[in-house]
Amino acid sequence: MVSSLKDQQQLEAAFEQFNAVSSQLIDAYRQLEVQVNVLNAQLDEANSQLRKQRDENAELAERLASLLKMLPAGVVELSPEGRVTAENLAAESLLSGCYIGEEWGGLLGRLLRQEADGSFALGGDGESRRLTLQYQDLPASGGRIVLIHDVTRLHQLNSELAQQQNLASMGSMAASLAHQLRTPLASAMLYTANLKQDIPRPEDRARFVDKSLARMRALEGLIQNMLGFVRGQVSSLETAKVAPLLEDVCAVLAPQCHDKGVFFDCNLPADSAITVLIDRKALQGALINLLENALQFASPGGRVGVAVAPDGDDVVFCVDDDGPGVDDAVRERIFEPFFTQRPGGTGLGLAIVKKVAEELGGSVRCYNKVTGGACFELRLPASRE
């Protein structure tokens, strides 16, 4: 009897424990069911967002594809190996064909010819199309995008503008030349007209003849300078040592400086082996023009100097004076043809210097020295021989 009661109690305890565990399981299941519902709602929301994003991406891709198709600029996509993987209609039109699968470097060498301005010419010289290429890396894929622009019309407009500017410059030069010719021609006509009058003394008649001839010679010199400027000064090139050339120039200028009372400082190069590839007559004329220009602005008792020295791969001739210097506004125009601030000047001397420097592969510039006065620097490439 006692054993039966004990078994009944154990059985009741087991049922109570079972009921408690079952209740916990039911609560856990309900919580799990709630969490599943929440996760399902979140998953539905995420799926909805993904579908929306997919539709938006598809719409964007379609719009980009349409835009790329209608874009006037050419677009070429390159693989990491440099092969064409895609190109739009504009690229096919600009390059005159579809080249998907071809190697881009070889394609450029076969189709395009690079010009001096960095653009590329496509087609024959007579009717070539001008293109520009821009590259953009694609870090994700390792490839690149090539953007192709047609600048043919812009190139034509630039050429037409340059031609118009040349015509305008020629017109300005012609007008300036006419003005330069007018004064000595009028003086020569006046002196010649006086010869028609009855001049009793032979010395007076000779004086009018000399003045007329002087004006004629001035006209001839002006015309020769103009012809030299238009034709160019350089005819034949030779390798020449700088020291003897500078000695000849100094021999021409020394008497002129002496007559004006100006100290002439001729600095021959320390290295007598310095050579340049030049037209000797043209370079001597350019240096004499620079020195005569400096002499015009040097006061009696002042100084005019010339020096030459190597500077890297160049040889630099420096002509300086201790005059008033050059104003900034004047310095910008000082090498223009017919621009002069000297009474009686032709305005061709410095223009010829600039032309000679450019024809010899060099340059010329003007600047004011810190100590006062102007310095003209003529820079030419040194001879390799």
# chains A, B, ... in the order shown; residues from 1 in each chain; ligands from 1
call {"tool": "residues_around", "arguments": {"residues": "Arg113 (chain A)", "least_positions_apart": "5", "cutoff": "7 Å", "atoms": "only C-alpha atoms", "output": "short mmCIF file (atom, residue, chain, number, x, y, z; two decimals) with N, CA and C atoms, in the first residue's frame"}}
result
data_model
loop_
_atom_site.label_atom_id
_atom_site.label_comp_id
_atom_site.auth_asym_id
_atom_site.auth_seq_id
_atom_site.Cartn_x
_atom_site.Cartn_y
_atom_site.Cartn_z
N PHE A 120 44.37 63.42 -83.48
CA PHE A 120 44.64 62.31 -84.39
C PHE A 120 43.88 62.54 -85.68
N ALA A 121 44.54 62.26 -86.80
CA ALA A 121 43.94 62.42 -88.12
C ALA A 121 43.52 61.05 -88.63
N LEU A 122 42.30 60.98 -89.14
CA LEU A 122 41.77 59.75 -89.71
C LEU A 122 41.45 60.00 -91.17
#
call {"tool": "select_by_dssp", "arguments": {"residues": "region 63-151 of chain A", "states": "alpha helix (DSSP H)", "output": "PyMOL selection string"}}
result
chain A and resi 63-70+89-94+104-111
call {"tool": "write_last_selection", "arguments": {"atoms": "N, CA and C atoms", "output": "mmCIF file, in the first residue's frame"}}
result
data_model
loop_
_atom_site.group_PDB
_atom_site.id
_atom_site.type_symbol
_atom_site.label_atom_id
_atom_site.label_comp_id
_atom_site.auth_asym_id
_atom_site.auth_seq_id
_atom_site.Cartn_x
_atom_site.Cartn_y
_atom_site.Cartn_z
ATOM 1 N N ARG A 63 18.169 53.278 -69.879
ATOM 2 C CA ARG A 63 18.370 54.686 -70.198
ATOM 3 C C ARG A 63 19.821 54.958 -70.571
ATOM 4 N N LEU A 64 20.781 54.369 -69.797
ATOM 5 C CA LEU A 64 22.192 54.567 -70.114
ATOM 6 C C LEU A 64 22.543 53.965 -71.467
ATOM 7 N N ALA A 65 21.959 52.819 -71.766
ATOM 8 C CA ALA A 65 22.216 52.204 -73.063
ATOM 9 C C ALA A 65 21.684 53.078 -74.187
ATOM 10 N N SER A 66 20.495 53.643 -73.994
ATOM 11 C CA SER A 66 19.931 54.536 -75.010
ATOM 12 C C SER A 66 20.771 55.796 -75.140
ATOM 13 N N LEU A 67 21.201 56.342 -73.969
ATOM 14 C CA LEU A 67 22.029 57.543 -73.989
ATOM 15 C C LEU A 67 23.367 57.271 -74.657
ATOM 16 N N LEU A 68 23.967 56.126 -74.316
ATOM 17 C CA LEU A 68 25.247 55.759 -74.921
ATOM 18 C C LEU A 68 25.102 55.559 -76.423
ATOM 19 N N LYS A 69 23.963 54.995 -76.805
ATOM 20 C CA LYS A 69 23.725 54.758 -78.231
ATOM 21 C C LYS A 69 23.580 56.061 -79.004
ATOM 22 N N MET A 70 22.923 57.056 -78.387
ATOM 23 C CA MET A 70 22.658 58.329 -79.064
ATOM 24 C C MET A 70 23.729 59.371 -78.790
ATOM 25 N N LEU A 89 27.456 53.562 -81.352
ATOM 26 C CA LEU A 89 27.290 53.868 -82.771
ATOM 27 C C LEU A 89 28.178 55.019 -83.208
ATOM 28 N N ALA A 90 28.350 56.009 -82.308
ATOM 29 C CA ALA A 90 29.186 57.153 -82.669
ATOM 30 C C ALA A 90 30.631 56.712 -82.893
ATOM 31 N N ALA A 91 31.128 55.793 -82.055
ATOM 32 C CA ALA A 91 32.492 55.294 -82.232
ATOM 33 C C ALA A 91 32.622 54.548 -83.556
ATOM 34 N N GLU A 92 31.620 53.746 -83.883
ATOM 35 C CA GLU A 92 31.646 53.042 -85.165
ATOM 36 C C GLU A 92 31.666 54.028 -86.325
ATOM 37 N N SER A 93 30.898 55.116 -86.195
ATOM 38 C CA SER A 93 30.858 56.114 -87.264
ATOM 39 C C SER A 93 32.176 56.877 -87.365
ATOM 40 N N LEU A 94 32.716 57.291 -86.197
ATOM 41 C CA LEU A 94 33.954 58.072 -86.213
ATOM 42 C C LEU A 94 35.146 57.256 -86.694
ATOM 43 N N TRP A 104 43.548 47.395 -79.322
ATOM 44 C CA TRP A 104 43.366 48.837 -79.501
ATOM 45 C C TRP A 104 44.643 49.519 -79.978
ATOM 46 N N GLY A 105 45.801 49.140 -79.434
ATOM 47 C CA GLY A 105 47.044 49.775 -79.842
ATOM 48 C C GLY A 105 47.321 49.580 -81.323
ATOM 49 N N GLY A 106 47.145 48.362 -81.816
ATOM 50 C CA GLY A 106 47.339 48.114 -83.236
ATOM 51 C C GLY A 106 46.319 48.832 -84.092
ATOM 52 N N LEU A 107 45.101 48.935 -83.558
ATOM 53 C CA LEU A 107 44.037 49.641 -84.280
ATOM 54 C C LEU A 107 44.378 51.118 -84.446
ATOM 55 N N LEU A 108 44.913 51.736 -83.381
ATOM 56 C CA LEU A 108 45.305 53.148 -83.463
ATOM 57 C C LEU A 108 46.393 53.352 -84.510
ATOM 58 N N GLY A 109 47.408 52.472 -84.481
ATOM 59 C CA GLY A 109 48.500 52.615 -85.441
ATOM 60 C C GLY A 109 48.050 52.426 -86.880
ATOM 61 N N ARG A 110 47.008 51.618 -87.081
ATOM 62 C CA ARG A 110 46.534 51.359 -88.438
ATOM 63 C C ARG A 110 45.592 52.436 -88.958
ATOM 64 N N LEU A 111 44.775 52.994 -88.071
ATOM 65 C CA LEU A 111 43.726 53.915 -88.519
ATOM 66 C C LEU A 111 44.090 55.385 -88.362
#
call {"tool": "residues_around", "arguments": {"residues": "Leu131 (chain A)", "least_positions_apart": "3", "cutoff": "10 Å", "atoms": "only C-alpha atoms", "output": "ChimeraX atom specification"}}
result
/A:74,94-95,112-114,118-122,128,148-152,155
call {"tool": "write_last_selection", "arguments": {"atoms": "all heavy atoms", "output": "short mmCIF file (atom, residue, chain, number, x, y, z; two decimals), in the first residue's frame"}}
result
data_model
loop_
_atom_site.label_atom_id
_atom_site.label_comp_id
_atom_site.auth_asym_id
_atom_site.auth_seq_id
_atom_site.Cartn_x
_atom_site.Cartn_y
_atom_site.Cartn_z
N GLY A 74 32.12 59.34 -79.39
CA GLY A 74 32.36 57.90 -79.47
C GLY A 74 32.85 57.36 -78.14
O GLY A 74 33.66 57.98 -77.45
N LEU A 94 32.72 57.29 -86.20
CA LEU A 94 33.95 58.07 -86.21
C LEU A 94 35.15 57.26 -86.69
O LEU A 94 36.02 57.77 -87.39
CB LEU A 94 34.24 58.63 -84.82
CG LEU A 94 33.27 59.70 -84.29
CD1 LEU A 94 33.59 60.04 -82.85
CD2 LEU A 94 33.34 60.95 -85.15
N LEU A 95 35.17 55.96 -86.33
CA LEU A 95 36.28 55.10 -86.72
C LEU A 95 36.00 54.34 -88.01
O LEU A 95 36.84 53.54 -88.44
CB LEU A 95 36.60 54.11 -85.60
CG LEU A 95 37.06 54.73 -84.27
CD1 LEU A 95 37.27 53.65 -83.22
CD2 LEU A 95 38.33 55.55 -84.45
N LEU A 112 44.81 55.72 -87.29
CA LEU A 112 44.98 57.13 -86.93
C LEU A 112 46.43 57.56 -87.06
O LEU A 112 47.36 56.75 -86.92
CB LEU A 112 44.50 57.38 -85.49
CG LEU A 112 43.05 56.98 -85.19
CD1 LEU A 112 42.74 57.25 -83.73
CD2 LEU A 112 42.08 57.75 -86.08
N ARG A 113 46.61 58.85 -87.31
CA ARG A 113 47.94 59.46 -87.41
C ARG A 113 47.97 60.65 -86.46
O ARG A 113 47.18 61.59 -86.59
CB ARG A 113 48.19 59.93 -88.85
CG ARG A 113 49.56 60.58 -89.04
CD ARG A 113 49.75 61.09 -90.47
NE ARG A 113 48.93 62.25 -90.76
CZ ARG A 113 47.82 62.23 -91.48
NH1 ARG A 113 47.37 61.09 -91.98
NH2 ARG A 113 47.12 63.33 -91.70
N GLN A 114 48.88 60.60 -85.48
CA GLN A 114 48.95 61.67 -84.48
C GLN A 114 49.57 62.92 -85.09
O GLN A 114 50.58 62.85 -85.79
CB GLN A 114 49.73 61.23 -83.26
CG GLN A 114 49.64 62.24 -82.11
CD GLN A 114 50.07 61.63 -80.79
OE1 GLN A 114 50.65 60.58 -80.75
NE2 GLN A 114 49.76 62.32 -79.70
N GLY A 118 48.52 67.13 -80.88
CA GLY A 118 48.03 66.09 -79.98
C GLY A 118 46.77 65.40 -80.47
O GLY A 118 46.37 64.39 -79.90
N SER A 119 46.12 65.93 -81.49
CA SER A 119 44.94 65.29 -82.05
C SER A 119 45.37 64.17 -82.99
O SER A 119 46.55 63.97 -83.27
CB SER A 119 44.07 66.31 -82.77
OG SER A 119 44.75 66.84 -83.89
N PHE A 120 44.37 63.42 -83.48
CA PHE A 120 44.64 62.31 -84.39
C PHE A 120 43.88 62.54 -85.68
O PHE A 120 42.73 62.98 -85.67
CB PHE A 120 44.20 60.98 -83.77
CG PHE A 120 45.02 60.56 -82.59
CD1 PHE A 120 44.73 61.03 -81.32
CD2 PHE A 120 46.10 59.71 -82.74
CE1 PHE A 120 45.49 60.66 -80.23
CE2 PHE A 120 46.87 59.32 -81.66
CZ PHE A 120 46.57 59.80 -80.40
N ALA A 121 44.54 62.26 -86.80
CA ALA A 121 43.94 62.42 -88.12
C ALA A 121 43.52 61.05 -88.63
O ALA A 121 44.28 60.09 -88.56
CB ALA A 121 44.91 63.09 -89.10
N LEU A 122 42.30 60.98 -89.14
CA LEU A 122 41.77 59.75 -89.71
C LEU A 122 41.45 60.00 -91.17
O LEU A 122 40.67 60.90 -91.49
CB LEU A 122 40.50 59.32 -88.96
CG LEU A 122 39.74 58.12 -89.54
CD1 LEU A 122 40.57 56.85 -89.40
CD2 LEU A 122 38.40 57.95 -88.84
N SER A 128 41.02 64.64 -94.15
CA SER A 128 41.18 63.88 -92.91
C SER A 128 40.23 64.42 -91.85
O SER A 128 39.96 65.61 -91.78
CB SER A 128 42.63 63.95 -92.43
OG SER A 128 42.99 65.29 -92.16
N ILE A 148 35.94 59.44 -77.56
CA ILE A 148 36.42 59.97 -78.84
C ILE A 148 35.57 61.17 -79.23
O ILE A 148 34.34 61.07 -79.31
CB ILE A 148 36.35 58.90 -79.94
CG1 ILE A 148 37.07 57.62 -79.50
CG2 ILE A 148 36.96 59.42 -81.23
CD1 ILE A 148 36.90 56.47 -80.46
N HIS A 149 36.23 62.31 -79.48
CA HIS A 149 35.53 63.52 -79.90
C HIS A 149 35.95 63.88 -81.33
O HIS A 149 37.14 63.80 -81.69
CB HIS A 149 35.87 64.71 -78.97
CG HIS A 149 35.30 64.58 -77.60
ND1 HIS A 149 33.97 64.79 -77.33
CD2 HIS A 149 35.89 64.24 -76.43
CE1 HIS A 149 33.76 64.61 -76.04
NE2 HIS A 149 34.90 64.27 -75.47
N ASP A 150 35.00 64.32 -82.11
CA ASP A 150 35.27 64.80 -83.46
C ASP A 150 35.51 66.31 -83.39
O ASP A 150 34.60 67.09 -83.11
CB ASP A 150 34.08 64.49 -84.38
CG ASP A 150 34.39 64.81 -85.84
OD1 ASP A 150 35.42 65.46 -86.09
OD2 ASP A 150 33.60 64.44 -86.72
N VAL A 151 36.75 66.74 -83.62
CA VAL A 151 37.11 68.16 -83.54
C VAL A 151 37.50 68.70 -84.93
O VAL A 151 38.24 69.67 -85.02
CB VAL A 151 38.27 68.37 -82.54
CG1 VAL A 151 37.83 68.06 -81.13
CG2 VAL A 151 39.49 67.53 -82.92
N THR A 152 36.98 68.06 -85.96
CA THR A 152 37.31 68.47 -87.32
C THR A 152 36.90 69.91 -87.58
O THR A 152 37.68 70.72 -88.10
CB THR A 152 36.62 67.54 -88.34
OG1 THR A 152 36.97 66.19 -88.06
CG2 THR A 152 37.05 67.88 -89.75
N HIS A 155 39.05 72.34 -85.69
CA HIS A 155 40.36 72.47 -86.34
C HIS A 155 40.25 73.37 -87.57
O HIS A 155 41.13 74.22 -87.81
CB HIS A 155 40.87 71.09 -86.73
CG HIS A 155 42.16 71.11 -87.49
ND1 HIS A 155 43.36 71.42 -86.90
CD2 HIS A 155 42.43 70.89 -88.80
CE1 HIS A 155 44.32 71.38 -87.81
NE2 HIS A 155 43.79 71.06 -88.97
#
call {"tool": "atom_distance", "arguments": {"atom1": "CA of Ala214 (chain A)", "atom2": "CA of Pro184 (chain A)"}}
result
8.9 Å
call {"tool": "atom_distance", "arguments": {"atom1": "CA of Ile278 (chain A)", "atom2": "CA of Leu291 (chain A)"}}
result
18.8 Å
call {"tool": "closest_atom_pairs", "arguments": {"of": "region 262-292 of chain A", "to": "region 309-331 of chain A", "cutoff": "9 Å", "atoms": "only C-alpha atoms", "output": "CSV"}}
result
residue,atom,partner,partner_atom,distance
A:Leu268,CA,A:Ala309,CA,8.8
A:Pro269,CA,A:Ala309,CA,6.1
A:Ala270,CA,A:Ala309,CA,8.0
A:Asp271,CA,A:Ala309,CA,8.3
A:Ile274,CA,A:Pro310,CA,7.5
A:Thr275,CA,A:Val315,CA,8.3
A:Val276,CA,A:Val315,CA,7.5
A:Leu287,CA,A:Val319,CA,8.0
A:Leu290,CA,A:Val319,CA,6.7
A:Leu291,CA,A:Val319,CA,6.4
call {"tool": "write_last_selection", "arguments": {"atoms": "N, CA, C and O atoms", "output": "mmCIF file, in the first residue's frame"}}
result
data_model
loop_
_atom_site.group_PDB
_atom_site.id
_atom_site.type_symbol
_atom_site.label_atom_id
_atom_site.label_comp_id
_atom_site.auth_asym_id
_atom_site.auth_seq_id
_atom_site.Cartn_x
_atom_site.Cartn_y
_atom_site.Cartn_z
ATOM 1 N N LEU A 268 84.320 88.458 -74.479
ATOM 2 C CA LEU A 268 84.473 87.241 -75.271
ATOM 3 C C LEU A 268 84.343 86.018 -74.370
ATOM 4 O O LEU A 268 84.659 86.071 -73.178
ATOM 5 N N PRO A 269 83.852 84.893 -74.896
ATOM 6 C CA PRO A 269 83.625 83.714 -74.049
ATOM 7 C C PRO A 269 84.934 83.153 -73.504
ATOM 8 O O PRO A 269 85.970 83.151 -74.186
ATOM 9 N N ALA A 270 84.898 82.668 -72.271
ATOM 10 C CA ALA A 270 86.087 82.065 -71.666
ATOM 11 C C ALA A 270 86.463 80.772 -72.390
ATOM 12 O O ALA A 270 87.633 80.443 -72.521
ATOM 13 N N ASP A 271 85.447 80.064 -72.863
ATOM 14 C CA ASP A 271 85.685 78.822 -73.604
ATOM 15 C C ASP A 271 85.657 79.140 -75.096
ATOM 16 O O ASP A 271 84.597 79.375 -75.668
ATOM 17 N N ILE A 274 83.359 77.033 -77.888
ATOM 18 C CA ILE A 274 81.897 77.026 -77.992
ATOM 19 C C ILE A 274 81.494 77.236 -79.446
ATOM 20 O O ILE A 274 81.941 78.177 -80.106
ATOM 21 N N THR A 275 80.641 76.347 -79.971
ATOM 22 C CA THR A 275 80.215 76.434 -81.365
ATOM 23 C C THR A 275 78.691 76.407 -81.450
ATOM 24 O O THR A 275 78.007 75.849 -80.585
ATOM 25 N N VAL A 276 78.174 77.010 -82.509
ATOM 26 C CA VAL A 276 76.740 76.997 -82.790
ATOM 27 C C VAL A 276 76.548 76.724 -84.276
ATOM 28 O O VAL A 276 77.421 77.012 -85.101
ATOM 29 N N LEU A 287 72.842 90.372 -83.972
ATOM 30 C CA LEU A 287 73.576 90.918 -82.828
ATOM 31 C C LEU A 287 73.864 92.406 -83.016
ATOM 32 O O LEU A 287 73.781 93.193 -82.058
ATOM 33 N N LEU A 290 70.761 94.322 -82.182
ATOM 34 C CA LEU A 290 70.562 94.435 -80.736
ATOM 35 C C LEU A 290 71.496 95.477 -80.129
ATOM 36 O O LEU A 290 71.083 96.274 -79.272
ATOM 37 N N LEU A 291 72.750 95.487 -80.562
ATOM 38 C CA LEU A 291 73.707 96.442 -80.013
ATOM 39 C C LEU A 291 73.393 97.871 -80.436
ATOM 40 O O LEU A 291 73.501 98.809 -79.627
#
call {"tool": "residues_around", "arguments": {"residues": "region 75-80 of chain A", "least_positions_apart": "3", "cutoff": "9 Å", "atoms": "only C-alpha atoms", "output": "number ranges by chain"}}
result
A: 68, 71, 83-91, 103-104, 141-148
